[in-house]
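Below: input-v4.cif (mmCIF, C-alpha atoms and all ligand atoms)
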data_structure
#
loop_
_atom_site.label_atom_id
_atom_site.label_comp_id
_atom_site.auth_asym_id
_atom_site.auth_seq_id
_atom_site.Cartn_x
_atom_site.Cartn_y
_atom_site.Cartn_z
CA MET A 1 41.66 10.29 20.26
CA ARG A 2 39.45 8.60 22.85
CA ASP A 3 39.25 11.89 24.77
CA LEU A 4 38.00 13.65 21.70
CA LEU A 5 34.75 11.73 21.72
CA ASN A 6 33.45 13.14 24.95
CA LEU A 7 29.90 13.46 26.17
CA GLU A 8 29.64 17.01 24.88
CA ILE A 9 30.21 15.88 21.31
CA VAL A 10 27.76 12.97 21.69
CA THR A 11 25.19 15.34 23.15
CA LYS A 12 25.61 17.90 20.38
CA THR A 13 25.30 15.18 17.76
CA PHE A 14 22.26 13.37 19.07
CA ASP A 15 20.35 15.76 21.29
CA ASP A 16 18.17 17.40 18.69
CA LEU A 17 17.36 14.35 16.58
CA SER A 18 13.67 13.66 16.11
CA HIS A 19 14.30 10.02 17.12
CA GLY A 20 15.15 9.05 20.66
CA VAL A 21 18.75 7.83 20.98
CA GLY A 22 20.23 6.37 24.16
CA ILE A 23 23.51 4.67 25.05
CA PHE A 24 23.73 1.98 27.76
CA HIS A 25 26.58 0.24 29.53
CA VAL A 26 25.90 -3.34 30.57
CA GLU A 27 28.44 -3.89 33.35
CA ASP A 28 27.70 -7.55 33.95
CA LEU A 29 26.55 -9.35 30.82
CA ASN A 30 24.58 -11.84 32.90
CA ASP A 31 22.73 -9.32 35.01
CA ILE A 32 20.01 -7.09 33.60
CA LYS A 33 20.07 -5.05 36.80
CA SER A 34 23.64 -3.92 36.10
CA ILE A 35 22.69 -1.76 33.10
CA ARG A 36 23.52 1.94 33.34
CA TYR A 37 22.42 4.96 31.33
CA VAL A 38 25.45 6.53 29.61
CA PHE A 39 23.59 9.03 27.48
CA MET A 40 19.95 9.79 26.63
CA ASN A 41 19.06 12.47 24.12
CA LYS A 42 16.40 15.11 24.74
CA ILE A 43 13.59 13.10 23.19
CA ILE A 44 14.12 10.09 25.45
CA LEU A 45 14.52 12.29 28.52
CA TYR A 46 11.27 13.98 27.56
CA GLU A 47 9.49 10.62 27.16
CA MET A 48 10.84 9.57 30.58
CA ARG A 49 9.90 12.96 32.08
CA LYS A 50 13.37 13.11 33.65
CA GLU A 51 16.27 15.57 33.78
CA ARG A 52 19.73 14.66 32.55
CA GLU A 53 21.21 14.72 36.09
CA GLU A 54 18.64 12.25 37.34
CA VAL A 55 19.64 9.71 34.70
CA PHE A 56 23.21 9.86 33.33
CA GLY A 57 25.56 7.35 34.98
CA LYS A 58 22.75 5.81 37.05
CA ARG A 59 21.44 2.27 36.79
CA ILE A 60 18.04 1.69 35.20
CA ILE A 61 16.98 -0.13 38.36
CA GLU A 62 17.66 3.02 40.41
CA VAL A 63 15.98 5.49 38.05
CA ALA A 64 13.09 3.45 36.71
CA PRO A 65 12.57 0.28 38.77
CA GLU A 66 9.06 0.06 37.26
CA ALA A 67 10.68 -0.83 33.93
CA TYR A 68 11.49 -4.26 35.40
CA GLU A 69 7.87 -4.80 36.36
CA HIS A 70 6.12 -4.79 33.00
CA GLU A 71 6.46 -6.79 29.84
CA GLY A 72 7.40 -3.99 27.42
CA GLY A 73 10.12 -2.64 29.72
CA LEU A 74 11.58 -6.05 30.54
CA GLN A 75 11.66 -7.09 26.89
CA VAL A 76 13.69 -4.01 25.97
CA ILE A 77 16.07 -4.30 28.93
CA GLU A 78 16.71 -7.99 28.23
CA THR A 79 17.47 -7.02 24.62
CA TYR A 80 20.11 -4.49 25.81
CA ARG A 81 21.80 -7.29 27.72
CA LYS A 82 21.55 -9.78 24.86
CA VAL A 83 22.88 -7.39 22.20
CA ALA A 84 25.69 -6.23 24.53
CA ALA A 85 26.67 -9.87 25.04
CA GLU A 86 26.15 -11.24 21.54
CA GLY A 87 26.57 -8.24 19.22
CA GLY A 88 24.45 -7.40 16.19
CA ASN A 89 21.18 -5.45 16.03
CA VAL A 90 17.68 -6.31 17.15
CA ASN A 91 14.67 -4.57 15.73
CA LEU A 92 11.95 -4.92 18.33
CA GLY A 93 9.31 -3.30 16.11
CA LEU A 94 6.43 -1.89 18.13
CA VAL A 95 6.88 -1.97 21.90
CA GLU A 96 4.12 -0.98 24.25
CA TYR A 97 5.07 0.87 27.43
CA SER A 98 2.68 1.44 30.24
CA ASN A 99 5.25 2.46 32.81
CA HIS A 100 8.48 4.49 33.28
CA MET A 101 7.91 6.10 29.88
CA VAL A 102 4.88 7.95 28.65
CA ALA A 103 2.32 5.21 28.12
CA GLY A 104 2.02 4.34 24.45
CA LYS A 105 3.56 2.61 21.47
CA TYR A 106 7.21 3.00 20.52
CA GLU A 107 9.21 1.76 17.57
CA CYS A 108 12.38 0.42 19.07
CA SER A 109 15.69 -1.06 17.90
CA VAL A 110 18.84 -1.98 19.82
CA HIS A 111 22.34 -1.91 18.32
CA HIS A 112 25.75 -3.13 19.47
CA ILE A 113 28.49 -0.47 19.82
CA GLN A 114 31.41 -2.34 21.41
CA ASP A 115 31.91 -4.77 24.28
CA ASN A 116 29.26 -4.12 26.95
CA TYR A 117 27.86 -1.03 25.17
CA VAL A 118 24.66 -0.73 23.15
CA TYR A 119 22.57 2.09 21.81
CA VAL A 120 18.81 2.19 21.44
CA MET A 121 16.74 4.08 18.87
CA LEU A 122 13.23 4.93 19.94
CA ARG A 123 10.29 6.68 18.32
CA ASN A 124 6.95 7.38 19.94
CA VAL A 125 4.37 6.31 17.35
CA THR A 126 1.29 6.34 19.58
CA GLU A 127 -0.37 9.18 17.69
CA LEU A 128 0.67 7.79 14.32
CA GLU A 129 -0.82 4.40 15.18
CA GLN A 130 -4.02 6.05 16.41
CA THR A 131 -4.25 8.09 13.18
CA LYS A 132 -3.73 4.90 11.19
CA ILE A 133 -6.62 3.20 12.97
CA GLU A 134 -8.87 6.23 12.45
CA LEU A 135 -7.90 6.41 8.78
CA GLU A 136 -8.71 2.73 8.30
CA GLN A 137 -12.11 3.28 9.95
CA LYS A 138 -12.80 6.30 7.75
CA ASN A 139 -11.81 4.31 4.67
CA GLU A 140 -14.14 1.52 5.65
CA GLU A 141 -16.99 3.98 6.22
CA LEU A 142 -16.31 5.57 2.85
CA SER A 143 -16.33 2.19 1.11
CA GLU A 144 -19.59 1.33 2.79
CA LEU A 145 -21.07 4.65 1.77
CA THR A 146 -19.96 4.14 -1.84
CA TYR A 147 -21.46 0.67 -1.80
CA ILE A 148 -24.78 1.80 -0.39
CA ALA A 149 -25.00 4.89 -2.60
CA SER A 150 -24.22 3.01 -5.80
CA HIS A 151 -26.42 0.09 -4.82
CA ASP A 152 -29.38 2.45 -4.24
CA LEU A 153 -28.70 4.29 -7.50
CA LYS A 154 -29.24 1.12 -9.48
CA GLU A 155 -32.96 1.00 -8.86
CA PRO A 156 -33.93 4.44 -10.29
CA VAL A 157 -31.66 3.96 -13.28
CA ARG A 158 -33.25 0.58 -13.97
CA ASN A 159 -36.65 2.33 -13.78
CA ILE A 160 -35.59 4.97 -16.31
CA SER A 161 -34.46 2.26 -18.73
CA SER A 162 -37.66 0.25 -18.45
CA LEU A 163 -39.91 3.32 -18.67
CA ILE A 164 -38.19 4.48 -21.85
CA LYS A 165 -38.58 1.01 -23.32
CA LEU A 166 -42.27 1.05 -22.40
CA LEU A 167 -42.74 4.52 -23.85
CA THR A 168 -41.02 3.59 -27.10
CA ASP A 169 -42.78 0.22 -27.49
CA GLU A 170 -46.27 1.56 -26.80
CA ASN A 171 -45.99 4.67 -28.95
CA GLN A 172 -44.09 3.37 -31.95
CA ASP A 173 -46.49 4.89 -34.51
CA LYS A 174 -47.02 8.15 -32.59
CA LEU A 175 -43.40 9.19 -31.97
CA ASP A 176 -41.63 11.37 -34.53
CA GLU A 177 -38.02 10.80 -35.52
CA GLN A 178 -36.70 13.56 -33.24
CA SER A 179 -38.41 12.00 -30.19
CA ILE A 180 -37.12 8.52 -31.03
CA THR A 181 -33.54 9.86 -31.31
CA THR A 182 -33.86 11.72 -28.01
CA LEU A 183 -35.26 8.67 -26.25
CA SER A 184 -32.49 6.48 -27.59
CA PHE A 185 -29.90 8.99 -26.24
CA ILE A 186 -31.58 8.85 -22.83
CA SER A 187 -31.58 5.07 -23.02
CA GLU A 188 -27.85 4.96 -23.91
CA SER A 189 -27.05 7.34 -21.06
CA ALA A 190 -28.98 5.15 -18.65
CA ALA A 191 -27.09 2.08 -19.88
CA ARG A 192 -23.78 3.89 -19.41
CA MET A 193 -24.83 4.99 -15.95
CA THR A 194 -25.61 1.36 -15.09
CA ARG A 195 -22.09 0.39 -16.20
CA LEU A 196 -20.56 3.17 -14.08
CA ILE A 197 -22.61 2.16 -11.04
CA ASN A 198 -21.61 -1.49 -11.47
CA ASP A 199 -17.96 -0.45 -11.71
CA LEU A 200 -18.31 1.69 -8.61
CA LEU A 201 -19.89 -1.22 -6.76
CA ASP A 202 -17.01 -3.51 -7.82
CA TYR A 203 -14.51 -0.84 -6.75
CA SER A 204 -15.98 -0.55 -3.28
CA CYS A 205 -15.97 -4.35 -2.93
CA ILE A 206 -12.24 -4.73 -3.71
CA GLY A 207 -10.22 -4.94 -0.54
CA GLY A 208 -13.23 -5.61 1.65
CA GLY A 209 -12.31 -7.45 4.83
CA GLY A 210 -12.42 -11.17 5.48
CA LYS A 211 -10.39 -12.23 2.44
CA GLU A 212 -7.67 -14.81 2.84
CA LEU A 213 -4.12 -14.67 1.54
CA VAL A 214 -3.32 -17.73 -0.53
CA THR A 215 -0.43 -18.89 -2.68
CA VAL A 216 -1.18 -17.79 -6.22
CA ASP A 217 0.64 -19.31 -9.17
CA CYS A 218 0.84 -16.31 -11.54
CA LYS A 219 1.81 -18.48 -14.49
CA LYS A 220 -1.38 -20.54 -14.12
CA LEU A 221 -3.40 -17.40 -13.48
CA VAL A 222 -2.29 -15.78 -16.73
CA ALA A 223 -2.87 -19.06 -18.61
CA VAL A 224 -6.49 -19.09 -17.39
CA ILE A 225 -6.95 -15.46 -18.49
CA GLN A 226 -5.54 -16.32 -21.92
CA GLN A 227 -8.12 -19.09 -22.25
CA ASP A 228 -10.93 -16.77 -21.13
CA ILE A 229 -10.09 -14.12 -23.72
CA GLU A 230 -9.06 -16.51 -26.49
CA THR A 231 -11.57 -15.10 -28.98
CA ILE A 232 -10.42 -11.54 -28.60
CA LEU A 233 -6.76 -12.64 -28.76
CA ASN A 234 -7.47 -14.37 -32.08
CA ASP A 235 -9.65 -11.58 -33.47
CA THR A 236 -6.96 -8.98 -32.77
CA ASN A 237 -3.97 -11.17 -33.69
CA THR A 238 -2.47 -10.60 -30.26
CA THR A 239 0.65 -12.45 -29.17
CA ILE A 240 1.52 -12.79 -25.51
CA GLU A 241 5.09 -13.62 -24.56
CA LEU A 242 5.40 -15.05 -21.07
CA GLY A 243 8.54 -14.95 -18.96
CA GLU A 244 8.97 -17.03 -15.81
CA LEU A 245 6.19 -15.98 -13.47
CA PRO A 246 6.40 -16.75 -9.75
CA LYS A 247 4.04 -18.00 -7.10
CA VAL A 248 3.15 -15.17 -4.71
CA LYS A 249 1.14 -14.81 -1.54
CA GLY A 250 -1.93 -12.77 -2.42
CA PHE A 251 -5.65 -12.50 -3.03
CA GLU A 252 -6.44 -14.71 -6.00
CA THR A 253 -9.59 -13.12 -7.45
CA GLU A 254 -8.09 -9.64 -7.19
CA LEU A 255 -4.78 -10.69 -8.77
CA ARG A 256 -6.68 -12.22 -11.67
CA LEU A 257 -8.59 -8.96 -12.15
CA LEU A 258 -5.29 -7.05 -12.03
CA PHE A 259 -3.61 -9.10 -14.78
CA GLN A 260 -6.82 -9.19 -16.80
CA ASN A 261 -7.26 -5.39 -16.71
CA LEU A 262 -3.66 -4.75 -17.76
CA ILE A 263 -3.76 -7.34 -20.55
CA SER A 264 -7.15 -6.09 -21.81
CA ASN A 265 -5.89 -2.50 -21.86
CA SER A 266 -2.80 -3.54 -23.84
CA ILE A 267 -5.12 -5.02 -26.45
CA LYS A 268 -7.70 -2.21 -26.36
CA PHE A 269 -5.16 0.60 -26.72
CA ARG A 270 -3.37 -0.99 -29.68
CA LYS A 271 -2.04 0.99 -32.62
CA PRO A 272 -4.37 0.82 -35.62
CA GLY A 273 -3.12 -1.83 -38.03
CA VAL A 274 -0.44 -3.17 -35.66
CA PRO A 275 -1.14 -6.54 -34.00
CA PRO A 276 -0.72 -6.23 -30.23
CA LYS A 277 2.38 -7.81 -28.73
CA ILE A 278 2.39 -8.17 -24.96
CA THR A 279 5.33 -9.31 -22.85
CA ILE A 280 4.70 -10.35 -19.26
CA SER A 281 7.62 -11.00 -16.92
CA ALA A 282 8.69 -10.75 -13.28
CA LYS A 283 11.89 -10.06 -11.37
CA GLU A 284 12.65 -10.67 -7.73
CA LYS A 285 14.02 -7.81 -5.63
CA ASN A 286 12.60 -7.40 -2.11
CA GLY A 287 9.46 -9.17 -3.33
CA TRP A 288 8.39 -9.34 -6.97
CA THR A 289 8.23 -6.65 -9.64
CA PHE A 290 5.95 -7.58 -12.55
CA THR A 291 6.20 -6.01 -15.98
CA ILE A 292 3.50 -5.89 -18.65
CA GLN A 293 4.78 -4.33 -21.82
CA ASP A 294 2.83 -3.56 -24.97
CA ASN A 295 3.40 -2.01 -28.39
CA GLY A 296 0.26 0.13 -28.31
CA ILE A 297 -0.53 3.82 -28.61
CA GLY A 298 1.37 4.80 -25.43
CA ILE A 299 0.49 7.42 -22.83
CA PRO A 300 1.54 11.09 -22.79
CA ASN A 301 4.04 11.83 -20.02
CA GLU A 302 1.81 14.32 -18.22
CA GLN A 303 -1.04 11.78 -17.95
CA LYS A 304 0.92 8.93 -16.37
CA GLU A 305 -0.31 9.59 -12.83
CA LYS A 306 -3.83 10.63 -13.71
CA ILE A 307 -4.81 7.37 -15.40
CA PHE A 308 -4.74 5.49 -12.07
CA SER A 309 -7.51 7.68 -10.62
CA ILE A 310 -11.10 6.52 -10.72
CA PHE A 311 -13.05 7.42 -13.91
CA GLN A 312 -10.07 9.17 -15.52
CA ARG A 313 -9.75 8.46 -19.23
CA LEU A 314 -7.67 9.96 -22.01
CA HIS A 315 -10.06 9.14 -24.83
CA SER A 316 -13.71 9.58 -25.63
CA ASN A 317 -16.02 6.61 -25.49
CA SER A 318 -16.41 6.62 -29.25
CA GLU A 319 -12.63 6.22 -29.74
CA TYR A 320 -12.07 3.52 -27.11
CA GLU A 321 -14.87 2.09 -25.02
CA GLY A 322 -14.55 2.03 -21.25
CA THR A 323 -15.47 3.69 -18.00
CA GLY A 324 -12.01 4.61 -16.74
CA ILE A 325 -12.07 2.41 -13.67
CA GLY A 326 -9.78 -0.46 -14.74
CA LEU A 327 -6.51 1.11 -13.59
CA ALA A 328 -8.11 2.46 -10.41
CA HIS A 329 -9.03 -1.17 -9.66
CA CYS A 330 -5.46 -2.21 -10.43
CA LYS A 331 -4.07 0.44 -8.06
CA LYS A 332 -6.41 -0.58 -5.27
CA ILE A 333 -5.54 -4.27 -5.75
CA VAL A 334 -1.77 -3.63 -5.77
CA GLU A 335 -2.10 -1.44 -2.67
CA MET A 336 -4.07 -4.10 -0.82
CA HIS A 337 -0.97 -6.27 -1.44
CA LYS A 338 1.16 -3.40 -0.04
CA GLY A 339 2.75 -2.89 -3.46
CA LYS A 340 3.07 -0.03 -5.94
CA ILE A 341 1.98 0.39 -9.55
CA TRP A 342 3.34 2.78 -12.17
CA VAL A 343 3.78 3.12 -15.92
CA ASP A 344 6.60 3.97 -18.27
CA SER A 345 5.60 4.96 -21.75
CA LYS A 346 6.49 6.85 -24.88
CA GLU A 347 3.55 8.17 -26.80
CA GLY A 348 3.14 6.18 -29.99
CA GLU A 349 5.65 3.53 -28.93
CA GLY A 350 3.85 1.46 -26.33
CA SER A 351 3.55 1.30 -22.57
CA THR A 352 5.14 -0.74 -19.82
CA PHE A 353 3.16 -1.17 -16.62
CA TYR A 354 5.02 -2.23 -13.49
CA PHE A 355 3.65 -3.40 -10.19
CA THR A 356 5.23 -4.84 -7.10
CA ILE A 357 3.95 -7.58 -4.83
CA PRO A 358 6.08 -7.60 -1.68
CA ASN A 359 6.60 -10.85 0.23
CA LEU A 360 3.58 -10.88 2.51
P1 LIG B 1 -10.62 2.41 -19.46
O1 LIG B 1 -9.81 1.33 -20.09
O2 LIG B 1 -12.00 1.99 -19.11
O3 LIG B 1 -10.58 3.70 -20.19
P2 LIG B 1 -8.59 2.38 -17.39
O4 LIG B 1 -8.67 2.89 -15.99
O5 LIG B 1 -8.26 0.94 -17.58
O6 LIG B 1 -9.97 2.74 -18.03
O7 LIG B 1 -7.52 3.25 -18.15
C1 LIG B 1 -7.52 4.65 -18.03
C2 LIG B 1 -6.89 5.28 -19.26
O8 LIG B 1 -5.49 4.99 -19.29
C3 LIG B 1 -7.42 4.75 -20.56
O9 LIG B 1 -8.59 5.43 -20.93
C4 LIG B 1 -6.27 5.00 -21.52
O10 LIG B 1 -6.30 6.32 -21.98
C5 LIG B 1 -5.04 4.83 -20.64
N1 LIG B 1 -4.45 3.48 -20.79
C6 LIG B 1 -4.59 2.45 -19.95
N2 LIG B 1 -3.87 1.38 -20.36
C7 LIG B 1 -3.23 1.76 -21.49
C8 LIG B 1 -2.32 1.11 -22.38
N3 LIG B 1 -1.92 -0.17 -22.21
N4 LIG B 1 -1.87 1.83 -23.44
C9 LIG B 1 -2.26 3.11 -23.63
N5 LIG B 1 -3.12 3.78 -22.82
C10 LIG B 1 -3.60 3.12 -21.76
#
Represent the structure from my file as structure tokens, please.
Amino acid sequence: MRDLLNLEIVTKTFDDLSHGVGIFHVEDLNDIKSIRYVFMNKIILYEMRKEREEVFGKRIIEVAPEAYEHEGGLQVIETYRKVAAEGGNVNLGLVEYSNHMVAGKYECSVHHIQDNYVYVMLRNVTELEQTKIELEQKNEELSELTYIASHDLKEPVRNISSLIKLLTDENQDKLDEQSITTLSFISESAARMTRLINDLLDYSCIGGGGKELVTVDCKKLVAVIQQDIETILNDTNTTIELGELPKVKGFETELRLLFQNLISNSIKFRKPGVPPKITISAKEKNGWTFTIQDNGIGIPNEQKEKIFSIFQRLHSNSEYEGTGIGLAHCKKIVEMHKGKIWVDSKEGEGSTFYFTIPNL
């Protein structure tokens, strides 16, 4: 049986994987210089810029003595020894090599096979990390641009509004009915544009740097929101049923906006003649999953993704007022907590919004 698992089979199994896989033998569990290469797949050989024959069966100290001379290399080699001696797995996360491998960042984990044997899994993520940094920079630039553009748009819109007011006030007796109606349309459009610009400004501010993670008591947070919107809760006969809500690590102002948007929507999109009933609860599973369920008008299946995009609405302003930014805010807030948001709904039977807040 033992003979069956020869190097040829190992090679065929692991050689073409997109991850680097290597097997090591630690001859003396107290000596990091005794570690030998048993097998390295193509990816690792490529990263080392070595041929199979130069590596297999040799000690690391013979093939890549430089590995013992820098922090990244030493950390990994010491982990081979430790895992070979103590068993288990160690996820080293990102390891930076500057020597004996192509310089860059690698995701690396070490796993016990049997006495004195370990295998390593390696992935070069240098480019990925670089792309991530560039993407973050681009996002920041885009946010800044949105902020500046919307900020500068405010001024001319404010001018339009005040000029129309001036025109109307000073020419009350001269304007005919048609002109007054037209001017009032222009004025309403300007007011709506101001609302959109303000929303856009808020949107670009969410997730701006320099904010601190704090412990947020979601139960208290929702209680404060309930107080803030007491009048509307009474006017609409809304009941809110609260389950046990946890304390989470997060950004307080943003989390308040998140709950407030979802609760307000549950009230706004109620079924005519049916008092809104909202249930808010949370379950723990790799972090927290929150649920906000309502008995409102529901959302058609094909629109469930679309509603989280900025300025996307399913109704006209005369049916339900709004600018279509609330859920885009919610998505941005959940994503800045590294969570996800989605909705389950049956048209006419209510909606259930879910979002996750991982343990940060
Ligand atoms: P707004 O409320 O300003 O329209 P949102 O981004 O908050 O913008 O919501 C986008 C759209 O998603 C809404 O116009 C509505 O059609 C739909 N929607 C959001 N929440 C609910 C809900 N609880 N029930 C039914 N439809 C909803």
Each residue of chain A lying at most 6 Å from ligand LIG 1 (chain B) should get a row with its shortest atom-to-atom pair and the distance in Å to one decimal, counting all atoms listed in the file; could you produce that, ordered by chain and increasing number, as a tab-separated table?
residue	atom	partner	partner_atom	distance
A:Asn265	CA	B:LIG1	N3	4.6
A:Ser266	CA	B:LIG1	N3	3.8
A:Phe269	CA	B:LIG1	N4	4.8
A:Gly296	CA	B:LIG1	N4	5.6
A:Ile297	CA	B:LIG1	C9	5.3
A:Gly298	CA	B:LIG1	C9	4.4
A:Ile299	CA	B:LIG1	N5	5.1
A:Ile307	CA	B:LIG1	O8	4.6
A:Gln312	CA	B:LIG1	C1	5.8
A:Arg313	CA	B:LIG1	O9	3.7
A:Leu314	CA	B:LIG1	O10	3.9
A:His315	CA	B:LIG1	O10	5.5
A:Gly322	CA	B:LIG1	O2	3.3
A:Thr323	CA	B:LIG1	O2	4.0
A:Gly324	CA	B:LIG1	O6	3.1
A:Ile325	CA	B:LIG1	O4	4.1
A:Gly326	CA	B:LIG1	O5	3.5
A:Leu327	CA	B:LIG1	O4	3.7
A:Ala328	CA	B:LIG1	O4	5.6
A:Ser351	CA	B:LIG1	N4	5.5
Residues near Glu155 in chain A, anyone? I mean within 12 Å using all atoms listed in the file, not counting same-chain ones fewer than 5 positions away, as a VMD selection string.
chain A and resid 148 to 150 160 to 162 190 193 to 194 197 to 198
query: For Ile77 in chain A, which residue out of A:Glu254, A:Asp31, A:Glu284, A:Asp228 is the nearest one, using all atoms listed in the file?
result: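 Closest candidate: A:Asp31.
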Would you give the centre and edge lengths, in Å to one decimal, of a box along x, y and z around the listed atoms of range 136-140 of chain A, with 3 Å added to each side, as JSON?
{"center_x": -11.4, "center_y": 3.9, "center_z": 7.3, "size_x": 11.4, "size_y": 10.8, "size_z": 11.3}
Go ahead and compute the interatomic distance for CA of Gln137 in chain A and CA of Ile206 in chain A, in Å to one decimal.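 A separation of 15.8 Å between them.
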What's around Met121 in chain A at 9 Å? Count only C-alpha atoms, leave out sequence neighbours fewer than 3 positions away in its own chain, and write the answer as a list in words.
His19, Gly20, Val21, Gly22, Glu107, Cys108, Ser109, Val110 and His111 of chain A
Choose the residue, out of A:Thr146, A:Asn89, A:Gln260, A:Gln178, that has the smallest atom-to-atom separation from Val224 in chain A; count only C-alpha atoms.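 Among A:Thr146, A:Asn89, A:Gln260, A:Gln178, it is A:Gln260 that comes nearest to Val224 in chain A.
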One residue among A:Thr253, A:Ser18, A:Thr182, A:Asn317 is nearest to Ile333 in chain A when using all atoms listed in the file, and that residue is A:Thr253
#### Entry: Atom-to-atom span, CA of Thr238 in chain A and CA of Asp294 in chain A, Å
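Distance between the two atoms: 10.3 Å.
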- Have a look at A:Arg192, A:Lys58, A:His337, A:Lys165 and name the one nearest to Ile180 in chain A; count all atoms listed in the file.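 Residue with the minimum atom-to-atom distance to Ile180 in chain A: A:Lys165.
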